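Structure data follow from coords_5.txt (compact mmCIF, C-alpha atoms and all ligand atoms):
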```txt
# COMPACT_ATOMS: atom_id res chain seq x y z
CA MET A 151 113.82 -87.66 97.55
CA SER A 152 113.65 -83.97 98.43
CA SER A 153 116.88 -82.76 96.85
CA VAL A 154 115.27 -80.88 93.94
CA ALA A 155 112.94 -78.03 94.79
CA GLU A 156 109.50 -78.22 93.22
CA THR A 157 108.96 -75.43 90.75
CA ARG A 158 106.00 -74.17 88.73
CA ALA A 159 108.20 -73.44 85.72
CA ASN A 160 109.19 -76.70 84.05
CA PRO A 161 107.70 -78.81 86.83
CA ALA A 162 108.35 -82.12 85.14
CA PRO A 163 111.82 -82.33 83.57
CA PRO A 164 112.28 -84.97 80.86
CA PRO A 165 113.26 -88.46 82.04
CA ASN A 166 116.14 -90.45 80.60
CA THR A 167 114.04 -93.02 78.75
CA VAL A 168 113.59 -94.78 75.42
CA ILE A 169 109.79 -94.91 75.13
CA VAL A 170 107.96 -93.70 78.22
CA GLY A 171 108.01 -89.93 78.43
CA ARG A 172 109.89 -89.28 75.22
CA GLU A 173 107.20 -86.62 74.89
CA LEU A 174 105.82 -85.17 78.11
CA ILE A 175 102.99 -82.67 78.41
CA TYR A 176 102.19 -80.89 81.66
CA LEU A 177 98.69 -79.46 82.07
CA ASP A 178 97.73 -77.36 85.08
CA THR A 179 94.25 -78.76 84.88
CA VAL A 180 92.52 -81.42 82.78
CA ASP A 181 89.38 -83.56 83.11
CA SER A 182 91.33 -86.83 83.16
CA THR A 183 94.85 -87.54 81.95
CA ASN A 184 93.59 -90.96 80.81
CA SER A 185 91.04 -89.31 78.50
CA ARG A 186 93.77 -87.13 77.00
CA ALA A 187 96.14 -90.08 76.61
CA LEU A 188 93.48 -92.07 74.75
CA GLU A 189 92.89 -89.29 72.22
CA SER A 190 96.12 -88.80 70.25
CA GLY A 191 99.86 -88.38 70.50
CA PRO A 192 102.91 -90.58 70.06
CA ASP A 193 103.63 -93.93 71.66
CA GLY A 194 105.08 -93.25 75.11
CA LEU A 195 103.44 -89.83 75.48
CA VAL A 196 103.08 -88.84 79.14
CA ILE A 197 100.37 -86.42 80.23
CA VAL A 198 100.85 -85.01 83.72
CA ALA A 199 98.24 -82.86 85.43
CA GLY A 200 98.43 -80.44 88.32
CA GLU A 201 94.83 -81.36 89.01
CA GLN A 202 92.05 -83.39 87.38
CA SER A 203 88.47 -82.18 87.40
CA ALA A 204 87.11 -85.63 86.54
CA GLY A 205 89.85 -88.04 87.58
CA ARG A 206 88.51 -91.57 87.51
CA GLY A 207 89.29 -94.84 89.19
CA ARG A 208 88.16 -98.39 88.58
CA HIS A 209 84.46 -99.24 88.32
CA GLY A 210 83.53 -95.67 87.43
CA HIS A 211 84.63 -94.33 90.81
CA THR A 212 86.00 -90.81 90.92
CA TRP A 213 89.66 -90.38 91.79
CA ASP A 214 90.27 -87.42 94.03
CA SER A 215 93.01 -85.43 92.27
CA ALA A 216 93.43 -82.25 94.27
CA PRO A 217 95.82 -79.59 92.92
CA GLY A 218 99.43 -79.95 93.96
CA LEU A 219 98.92 -82.90 96.32
CA GLY A 220 99.74 -85.85 94.11
CA LEU A 221 101.19 -87.17 90.90
CA TRP A 222 98.34 -87.62 88.43
CA PHE A 223 99.55 -88.86 85.07
CA SER A 224 98.97 -91.23 82.17
CA VAL A 225 101.20 -92.94 79.66
CA ALA A 226 99.84 -93.51 76.14
CA LEU A 227 100.99 -96.82 74.66
CA GLU A 228 100.41 -97.84 71.08
CA GLY A 229 100.22 -101.33 69.63
CA GLY A 230 98.06 -103.28 72.08
CA ALA A 231 99.91 -103.26 75.39
CA ASP A 232 100.34 -106.65 77.09
CA ASP A 233 97.78 -107.42 79.83
CA ALA A 234 100.72 -107.51 82.23
CA VAL A 235 101.19 -103.74 81.81
CA VAL A 236 99.29 -103.11 85.04
CA PHE A 237 101.69 -105.40 86.94
CA ALA A 238 104.67 -103.81 85.22
CA ALA A 239 103.44 -100.42 86.39
CA ALA A 240 102.94 -101.52 90.00
CA LEU A 241 106.42 -103.07 90.16
CA ALA A 242 107.97 -99.99 88.55
CA ILE A 243 106.31 -97.66 91.04
CA ARG A 244 107.33 -99.84 93.97
CA GLU A 245 110.92 -99.77 92.71
CA ALA A 246 110.83 -95.99 92.26
CA LEU A 247 109.61 -95.56 95.85
CA GLU A 248 112.23 -97.87 97.31
CA PRO A 249 114.85 -95.34 98.39
CA GLY A 250 112.21 -93.73 100.60
CA CYS A 251 109.81 -96.48 101.59
CA ARG A 252 108.67 -100.06 101.09
CA ALA A 253 105.25 -100.30 99.44
CA GLN A 254 103.24 -103.50 99.07
CA VAL A 255 101.48 -104.46 95.85
CA LYS A 256 97.86 -105.40 96.39
CA TRP A 257 95.59 -107.33 94.06
CA PRO A 258 94.19 -106.28 91.67
CA ASN A 259 96.24 -103.12 91.13
CA ASP A 260 96.98 -100.94 94.13
CA LEU A 261 100.04 -100.01 96.13
CA LEU A 262 99.77 -99.76 99.89
CA ILE A 263 101.98 -98.45 102.64
CA GLY A 264 101.20 -99.66 106.14
CA GLY A 265 97.99 -101.21 104.82
CA LYS A 266 96.68 -97.93 103.36
CA LYS A 267 96.33 -97.10 99.69
CA VAL A 268 98.95 -94.71 98.34
CA CYS A 269 98.61 -95.37 94.61
CA GLY A 270 96.00 -96.57 92.13
CA ILE A 271 96.44 -97.70 88.55
CA LEU A 272 93.81 -97.59 85.82
CA VAL A 273 94.40 -99.20 82.43
CA GLU A 274 91.95 -98.21 79.68
CA ARG A 275 92.01 -99.22 76.03
CA ARG A 276 90.66 -97.72 72.84
CA GLY A 277 91.46 -99.88 69.83
CA ALA A 278 95.19 -100.49 69.79
CA ARG A 279 95.80 -97.55 72.12
CA THR A 280 96.23 -97.97 75.87
CA ALA A 281 96.15 -95.32 78.58
CA LEU A 282 98.09 -96.39 81.65
CA GLY A 283 96.86 -93.99 84.33
CA ILE A 284 98.66 -93.64 87.63
CA GLY A 285 97.64 -91.67 90.69
CA ILE A 286 100.10 -91.36 93.59
CA ASN A 287 99.12 -89.53 96.75
CA VAL A 288 102.17 -87.48 97.69
CA HIS A 289 101.56 -84.48 99.94
CA HIS A 290 98.15 -85.20 101.48
CA ARG A 291 97.59 -84.79 105.17
CA LYS A 292 94.80 -86.94 106.56
CA GLU A 293 92.34 -84.02 106.37
CA ASP A 294 93.11 -83.47 102.68
CA PHE A 295 91.39 -86.74 101.75
CA PRO A 296 87.62 -86.85 101.37
CA GLU A 297 86.09 -88.07 104.62
CA PRO A 298 85.28 -91.62 103.43
CA LEU A 299 88.92 -92.22 102.48
CA ARG A 300 90.61 -90.97 105.62
CA GLU A 301 91.04 -94.37 107.26
CA THR A 302 92.01 -96.27 104.10
CA ALA A 303 94.21 -93.87 102.11
CA THR A 304 97.58 -92.34 102.83
CA SER A 305 100.21 -90.24 101.10
CA LEU A 306 103.95 -90.60 100.82
CA ASP A 307 104.56 -87.61 103.08
CA SER A 308 102.15 -88.89 105.74
CA ALA A 309 103.38 -92.47 105.61
CA THR A 310 107.08 -91.63 105.78
CA GLY A 311 107.15 -88.37 107.72
CA THR A 312 109.32 -86.75 105.04
CA ARG A 313 108.53 -84.28 102.25
CA TRP A 314 108.73 -85.97 98.85
CA ASN A 315 109.55 -84.17 95.63
CA ARG A 316 106.89 -84.98 93.04
CA TRP A 317 109.02 -84.26 90.00
CA GLU A 318 112.00 -86.25 91.19
CA LEU A 319 109.61 -89.11 91.94
CA LEU A 320 107.93 -88.79 88.53
CA ARG A 321 111.31 -89.04 86.82
CA ARG A 322 112.16 -92.18 88.81
CA VAL A 323 108.76 -93.77 88.06
CA LEU A 324 108.98 -93.03 84.34
CA GLU A 325 112.50 -94.43 84.13
CA ALA A 326 111.50 -97.62 85.98
CA LEU A 327 108.37 -97.90 83.85
CA ASP A 328 110.37 -97.49 80.68
CA ARG A 329 112.52 -100.49 81.63
CA LYS A 330 109.37 -102.54 82.25
CA VAL A 331 107.71 -101.48 78.97
CA LEU A 332 110.87 -102.47 77.10
CA ALA A 333 110.78 -105.83 78.90
CA LEU A 334 107.10 -106.30 78.02
CA ARG A 335 107.83 -105.56 74.40
CA ALA A 336 110.66 -108.07 74.51
CA GLY A 337 108.08 -110.74 75.45
CA MET A 338 108.63 -110.82 79.22
CA GLY A 339 105.00 -110.24 80.21
CA GLU A 340 104.73 -113.65 81.88
CA ASP A 341 107.87 -113.06 83.99
CA ILE A 342 106.49 -109.70 85.09
CA ARG A 343 103.12 -111.19 85.96
CA CYS A 344 104.80 -113.96 87.98
CA ALA A 345 107.06 -111.46 89.77
CA TRP A 346 104.02 -109.38 90.69
CA PHE A 347 102.07 -112.42 91.91
CA ALA A 348 104.98 -113.53 94.07
CA ALA A 349 105.26 -110.00 95.50
CA CYS A 350 101.55 -109.77 96.34
CA GLY A 351 101.89 -112.71 98.72
CA LEU A 352 98.48 -114.23 98.06
CA GLU A 353 99.55 -117.60 96.72
CA GLY A 354 98.25 -120.41 98.91
CA LYS A 355 96.45 -117.99 101.21
CA HIS A 356 93.00 -118.71 102.53
CA VAL A 357 90.86 -115.76 101.41
CA ARG A 358 87.37 -114.40 101.24
CA CYS A 359 86.26 -112.61 98.10
CA GLY A 360 82.60 -111.65 98.23
CA ALA A 361 80.72 -114.90 98.77
CA THR A 362 83.70 -117.01 97.72
CA ILE A 363 85.97 -118.48 100.37
CA GLY A 364 88.90 -120.65 99.41
CA ARG A 365 92.60 -120.97 98.83
CA VAL A 366 94.41 -118.92 96.18
CA ALA A 367 95.73 -121.38 93.61
CA GLY A 368 97.14 -118.86 91.15
CA MET A 369 96.46 -115.93 88.88
CA ASP A 370 95.67 -116.17 85.18
CA LYS A 371 97.10 -114.10 82.32
CA GLN A 372 94.32 -111.52 82.58
CA GLY A 373 95.13 -111.04 86.26
CA ALA A 374 92.09 -112.89 87.62
CA LEU A 375 92.62 -114.78 90.88
CA LEU A 376 92.07 -118.53 90.75
CA ILE A 377 90.49 -119.63 94.01
CA GLU A 378 90.13 -123.26 94.91
CA THR A 379 86.93 -123.89 96.79
CA ASP A 380 85.20 -127.26 97.35
CA GLY A 381 87.54 -128.92 94.87
CA ARG A 382 86.67 -126.45 92.09
CA ILE A 383 88.58 -123.46 90.74
CA ARG A 384 86.68 -120.20 90.68
CA ARG A 385 87.94 -117.23 88.70
CA ILE A 386 87.64 -113.86 90.44
CA SER A 387 88.46 -110.89 88.28
CA ASP A 388 87.93 -108.01 90.71
CA GLY A 389 86.69 -106.99 94.11
CA PRO A 390 88.20 -106.88 97.57
CA VAL A 391 90.07 -109.97 98.66
CA VAL A 392 90.64 -110.43 102.37
CA ALA A 393 93.10 -112.94 103.77
CA ILE A 394 91.40 -114.93 106.49
CA ASP A 395 93.05 -114.73 109.89
CA GLY A 396 95.17 -117.58 111.17
CA ASP A 397 96.46 -118.49 107.72
C1 LIG B 1 91.95 -96.87 91.12
O1 LIG B 1 92.61 -97.25 92.09
O2 LIG B 1 90.72 -96.96 91.13
C2 LIG B 1 92.67 -96.32 89.93
C3 LIG B 1 92.97 -94.85 90.07
C4 LIG B 1 93.71 -94.25 88.89
C5 LIG B 1 93.86 -92.75 89.00
C6 LIG B 1 94.71 -92.18 87.89
S1 LIG B 1 95.15 -90.50 88.18
C7 LIG B 1 95.76 -90.36 86.54
C8 LIG B 1 94.82 -91.14 85.64
N1 LIG B 1 93.72 -90.32 85.19
C9 LIG B 1 92.55 -90.73 85.67
O3 LIG B 1 91.46 -90.19 85.43
N2 LIG B 1 92.73 -91.81 86.45
C10 LIG B 1 94.12 -92.21 86.49
```
Here is the file; what I need is its structure written in the form of structure tokens.
Amino acid sequence: MSSVAETRANPAPPPNTVIVGRELIYLDTVDSTNSRALESGPDGLVIVAGEQSAGRGRHGHTWDSAPGLGLWFSVALEGGADDAVVFAAALAIREALEPGCRAQVKWPNDLLIGGKKVCGILVERRGARTALGIGINVHHRKEDFPEPLRETATSLDSATGTRWNRWELLRRVLEALDRKVLALRAGMGEDIRCAWFAACGLEGKHVRCGATIGRVAGMDKQGALLIETDGRIRRISDGPVVAIDGD
């Protein structure tokens, strides 16, 4: 992963792809790459930022996007991306990381290494346009994270003890993502969703999700967990899910 030196000039060389990244814009600083991706530009446009001044996560949380420490980028997709795009992204990122480490996918849309969050994904839509935003912590040391995140977040460098190359990783992610977007557009959203659900390992598990305790019976097309409790199925669309010990 560290064969190509990081460089300020041309930091993000073009990937070998059909859709994703056929146009790629690098901005030293931007409020949020998702905001930029939702505005305008061709299908497959990738906006990469050195830093984000207003990076955002799910539920209106801020996403800490310090300069030079991570990969902060968004892919603009036209034409009403399949709901499975978030699962496609998680599987693509996991595949791109594979030569260097094994990440776990975590419901609803995180990637973890050693139980700590290394990547978050935020899908936002405006009309038929979708911004698929991806944040990967790459070079952070523990002290680089804001205090509240230090026990729950990690970076690739910290988790693996090796120095990762952000631009080499970006190329690998975009190429893996391109294959998934092509598969989605070929109607394979359900296969991708099923592959993600199998990988997340929740099926049949006894879990707690807020006040709901029960067994995971499945996941619907929108990505909501179906939890069987007292003979009824409850649909849980977000929030922390904790597997209950001994199961
Ligand atoms: C989450 O786990 O809450 C999702 C985090 C998504 C962060 C990425 S960084 C690039 C893109 N731009 C943003 O403002 N957010 C996403």
Counting all atoms listed in the file, give me one row per residue of chain A with an atom at most 8 Å from an atom of ligand LIG 1 (chain B), showing the shortest contact pair and its distance in Å to one decimal, sorted by chain then residue number, as JSON lines.
```
{"residue": "A:Asp181", "atom": "CA", "partner": "B:LIG1", "partner_atom": "O3", "distance": 7.3}
{"residue": "A:Ser182", "atom": "CA", "partner": "B:LIG1", "partner_atom": "O3", "distance": 4.1}
{"residue": "A:Thr183", "atom": "CA", "partner": "B:LIG1", "partner_atom": "N1", "distance": 4.4}
{"residue": "A:Asn184", "atom": "CA", "partner": "B:LIG1", "partner_atom": "N1", "distance": 4.4}
{"residue": "A:Ser185", "atom": "CA", "partner": "B:LIG1", "partner_atom": "O3", "distance": 7.0}
{"residue": "A:Val198", "atom": "CA", "partner": "B:LIG1", "partner_atom": "C7", "distance": 7.9}
{"residue": "A:Ala199", "atom": "CA", "partner": "B:LIG1", "partner_atom": "C7", "distance": 8.0}
{"residue": "A:Gln202", "atom": "CA", "partner": "B:LIG1", "partner_atom": "O3", "distance": 7.1}
{"residue": "A:Ala204", "atom": "CA", "partner": "B:LIG1", "partner_atom": "O3", "distance": 6.4}
{"residue": "A:Gly205", "atom": "CA", "partner": "B:LIG1", "partner_atom": "O3", "distance": 3.4}
{"residue": "A:Arg206", "atom": "CA", "partner": "B:LIG1", "partner_atom": "O3", "distance": 3.9}
{"residue": "A:Gly207", "atom": "CA", "partner": "B:LIG1", "partner_atom": "O2", "distance": 3.2}
{"residue": "A:Arg208", "atom": "CA", "partner": "B:LIG1", "partner_atom": "O2", "distance": 3.9}
{"residue": "A:His209", "atom": "CA", "partner": "B:LIG1", "partner_atom": "O2", "distance": 7.2}
{"residue": "A:His211", "atom": "CA", "partner": "B:LIG1", "partner_atom": "O2", "distance": 6.6}
{"residue": "A:Thr212", "atom": "CA", "partner": "B:LIG1", "partner_atom": "O2", "distance": 7.8}
{"residue": "A:Trp213", "atom": "CA", "partner": "B:LIG1", "partner_atom": "C5", "distance": 5.6}
{"residue": "A:Ser215", "atom": "CA", "partner": "B:LIG1", "partner_atom": "S1", "distance": 6.9}
{"residue": "A:Leu221", "atom": "CA", "partner": "B:LIG1", "partner_atom": "S1", "distance": 7.4}
{"residue": "A:Trp222", "atom": "CA", "partner": "B:LIG1", "partner_atom": "C7", "distance": 4.2}
{"residue": "A:Phe223", "atom": "CA", "partner": "B:LIG1", "partner_atom": "C7", "distance": 4.3}
{"residue": "A:Ser224", "atom": "CA", "partner": "B:LIG1", "partner_atom": "C8", "distance": 5.4}
{"residue": "A:Asn259", "atom": "CA", "partner": "B:LIG1", "partner_atom": "O1", "distance": 7.0}
{"residue": "A:Asp260", "atom": "CA", "partner": "B:LIG1", "partner_atom": "O1", "distance": 6.1}
{"residue": "A:Cys269", "atom": "CA", "partner": "B:LIG1", "partner_atom": "O1", "distance": 6.8}
{"residue": "A:Gly270", "atom": "CA", "partner": "B:LIG1", "partner_atom": "O1", "distance": 3.5}
{"residue": "A:Ile271", "atom": "CA", "partner": "B:LIG1", "partner_atom": "C2", "distance": 4.2}
{"residue": "A:Leu272", "atom": "CA", "partner": "B:LIG1", "partner_atom": "C2", "distance": 4.5}
{"residue": "A:Leu282", "atom": "CA", "partner": "B:LIG1", "partner_atom": "C8", "distance": 7.4}
{"residue": "A:Gly283", "atom": "CA", "partner": "B:LIG1", "partner_atom": "C8", "distance": 3.7}
{"residue": "A:Ile284", "atom": "CA", "partner": "B:LIG1", "partner_atom": "C6", "distance": 4.2}
{"residue": "A:Gly285", "atom": "CA", "partner": "B:LIG1", "partner_atom": "S1", "distance": 3.7}
{"residue": "A:Ile286", "atom": "CA", "partner": "B:LIG1", "partner_atom": "S1", "distance": 7.4}
```
Go ahead and write the residues just picked, C-alpha atoms, as an mmCIF file, keeping the file's coordinate frame.
```cif
data_model
loop_
_atom_site.group_PDB
_atom_site.id
_atom_site.type_symbol
_atom_site.label_atom_id
_atom_site.label_comp_id
_atom_site.auth_asym_id
_atom_site.auth_seq_id
_atom_site.Cartn_x
_atom_site.Cartn_y
_atom_site.Cartn_z
ATOM 1 C CA ASP A 181 89.380 -83.560 83.110
ATOM 2 C CA SER A 182 91.330 -86.830 83.160
ATOM 3 C CA THR A 183 94.850 -87.540 81.950
ATOM 4 C CA ASN A 184 93.590 -90.960 80.810
ATOM 5 C CA SER A 185 91.040 -89.310 78.500
ATOM 6 C CA VAL A 198 100.850 -85.010 83.720
ATOM 7 C CA ALA A 199 98.240 -82.860 85.430
ATOM 8 C CA GLN A 202 92.050 -83.390 87.380
ATOM 9 C CA ALA A 204 87.110 -85.630 86.540
ATOM 10 C CA GLY A 205 89.850 -88.040 87.580
ATOM 11 C CA ARG A 206 88.510 -91.570 87.510
ATOM 12 C CA GLY A 207 89.290 -94.840 89.190
ATOM 13 C CA ARG A 208 88.160 -98.390 88.580
ATOM 14 C CA HIS A 209 84.460 -99.240 88.320
ATOM 15 C CA HIS A 211 84.630 -94.330 90.810
ATOM 16 C CA THR A 212 86.000 -90.810 90.920
ATOM 17 C CA TRP A 213 89.660 -90.380 91.790
ATOM 18 C CA SER A 215 93.010 -85.430 92.270
ATOM 19 C CA LEU A 221 101.190 -87.170 90.900
ATOM 20 C CA TRP A 222 98.340 -87.620 88.430
ATOM 21 C CA PHE A 223 99.550 -88.860 85.070
ATOM 22 C CA SER A 224 98.970 -91.230 82.170
ATOM 23 C CA ASN A 259 96.240 -103.120 91.130
ATOM 24 C CA ASP A 260 96.980 -100.940 94.130
ATOM 25 C CA CYS A 269 98.610 -95.370 94.610
ATOM 26 C CA GLY A 270 96.000 -96.570 92.130
ATOM 27 C CA ILE A 271 96.440 -97.700 88.550
ATOM 28 C CA LEU A 272 93.810 -97.590 85.820
ATOM 29 C CA LEU A 282 98.090 -96.390 81.650
ATOM 30 C CA GLY A 283 96.860 -93.990 84.330
ATOM 31 C CA ILE A 284 98.660 -93.640 87.630
ATOM 32 C CA GLY A 285 97.640 -91.670 90.690
ATOM 33 C CA ILE A 286 100.100 -91.360 93.590
#
```
### Of the listed residues A:His290, A:Arg244, A:Arg279, A:Arg384, that which approaches Pro192 (chain A) most closely, counting only C-alpha atoms
A:Arg279
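Ranking A:Pro249, A:Gly351, A:Gly311, A:Gly368 by their shortest atom-to-atom distance to Ile383 (chain A), with all atoms listed in the file included, puts A:Gly368 first.
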### Task
Give me the residues within 6 Å of Leu219 (chain A) as an MDAnalysis selection string, counting all atoms listed in the file and dropping any in the same chain fewer than 2 places off.
chainID A and resid 216:217 288:290
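In this structure, CA of Ile342 (chain A) sits 8.3 Å away from CA of Leu241 (chain A).
Within 10 Å of the point (101.6, -103.6, 82.8), counting all atoms listed in the file, the protein and nucleic acid residues come to A:Ala231, A:Asp232, A:Asp233, A:Ala234, A:Val235, A:Val236, A:Phe237, A:Ala238, A:Ala239, A:Ala240, A:Leu241, A:Ala242, A:Asn259, A:Ile271, A:Val273, A:Leu282, A:Leu327, A:Lys330, A:Val331, A:Leu334, A:Gly339, A:Ile342, A:Arg343.
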Please build the interface table for region 284-360 of chain A against region 167-170 of chain A with a cut-off of 12 Å, listing for each qualifying residue the nearest atom pair and the distance in Å to one decimal; count only C-alpha atoms, order rows by chain and increasing number, and write it as CSV.
```
residue,atom,partner,partner_atom,distance
A:Leu320,CA,A:Val170,CA,11.4
A:Arg321,CA,A:Thr167,CA,9.4
A:Arg322,CA,A:Thr167,CA,10.3
A:Val323,CA,A:Val170,CA,9.9
A:Leu324,CA,A:Val170,CA,6.2
A:Glu325,CA,A:Thr167,CA,5.8
A:Ala326,CA,A:Thr167,CA,8.9
A:Leu327,CA,A:Val170,CA,7.0
A:Asp328,CA,A:Val170,CA,5.1
A:Arg329,CA,A:Thr167,CA,8.1
A:Lys330,CA,A:Val170,CA,9.8
A:Val331,CA,A:Val170,CA,7.8
A:Leu332,CA,A:Ile169,CA,7.9
A:Ala333,CA,A:Ile169,CA,11.6
A:Arg335,CA,A:Ile169,CA,10.9
```
### Near-Val268 (chain A) list (7 Å; all atoms listed in the file; drop same-chain fewer than 2 positions) as a list in words
Leu261, Leu262, Ile263, Lys266, Ile286, Asn287, Ala303, Thr304, Ser305 and Leu306 of chain A
### Selected residue of minimal separation from Arg186 (chain A) among A:Arg382, A:Arg276, A:Arg313, A:Lys371, counting only C-alpha atoms
A:Arg276
### Summary
One residue among A:Ala309, A:Trp257, A:Gly210, A:Gly230 is nearest to Cys350 (chain A) when using all atoms listed in the file, and that residue is A:Trp257
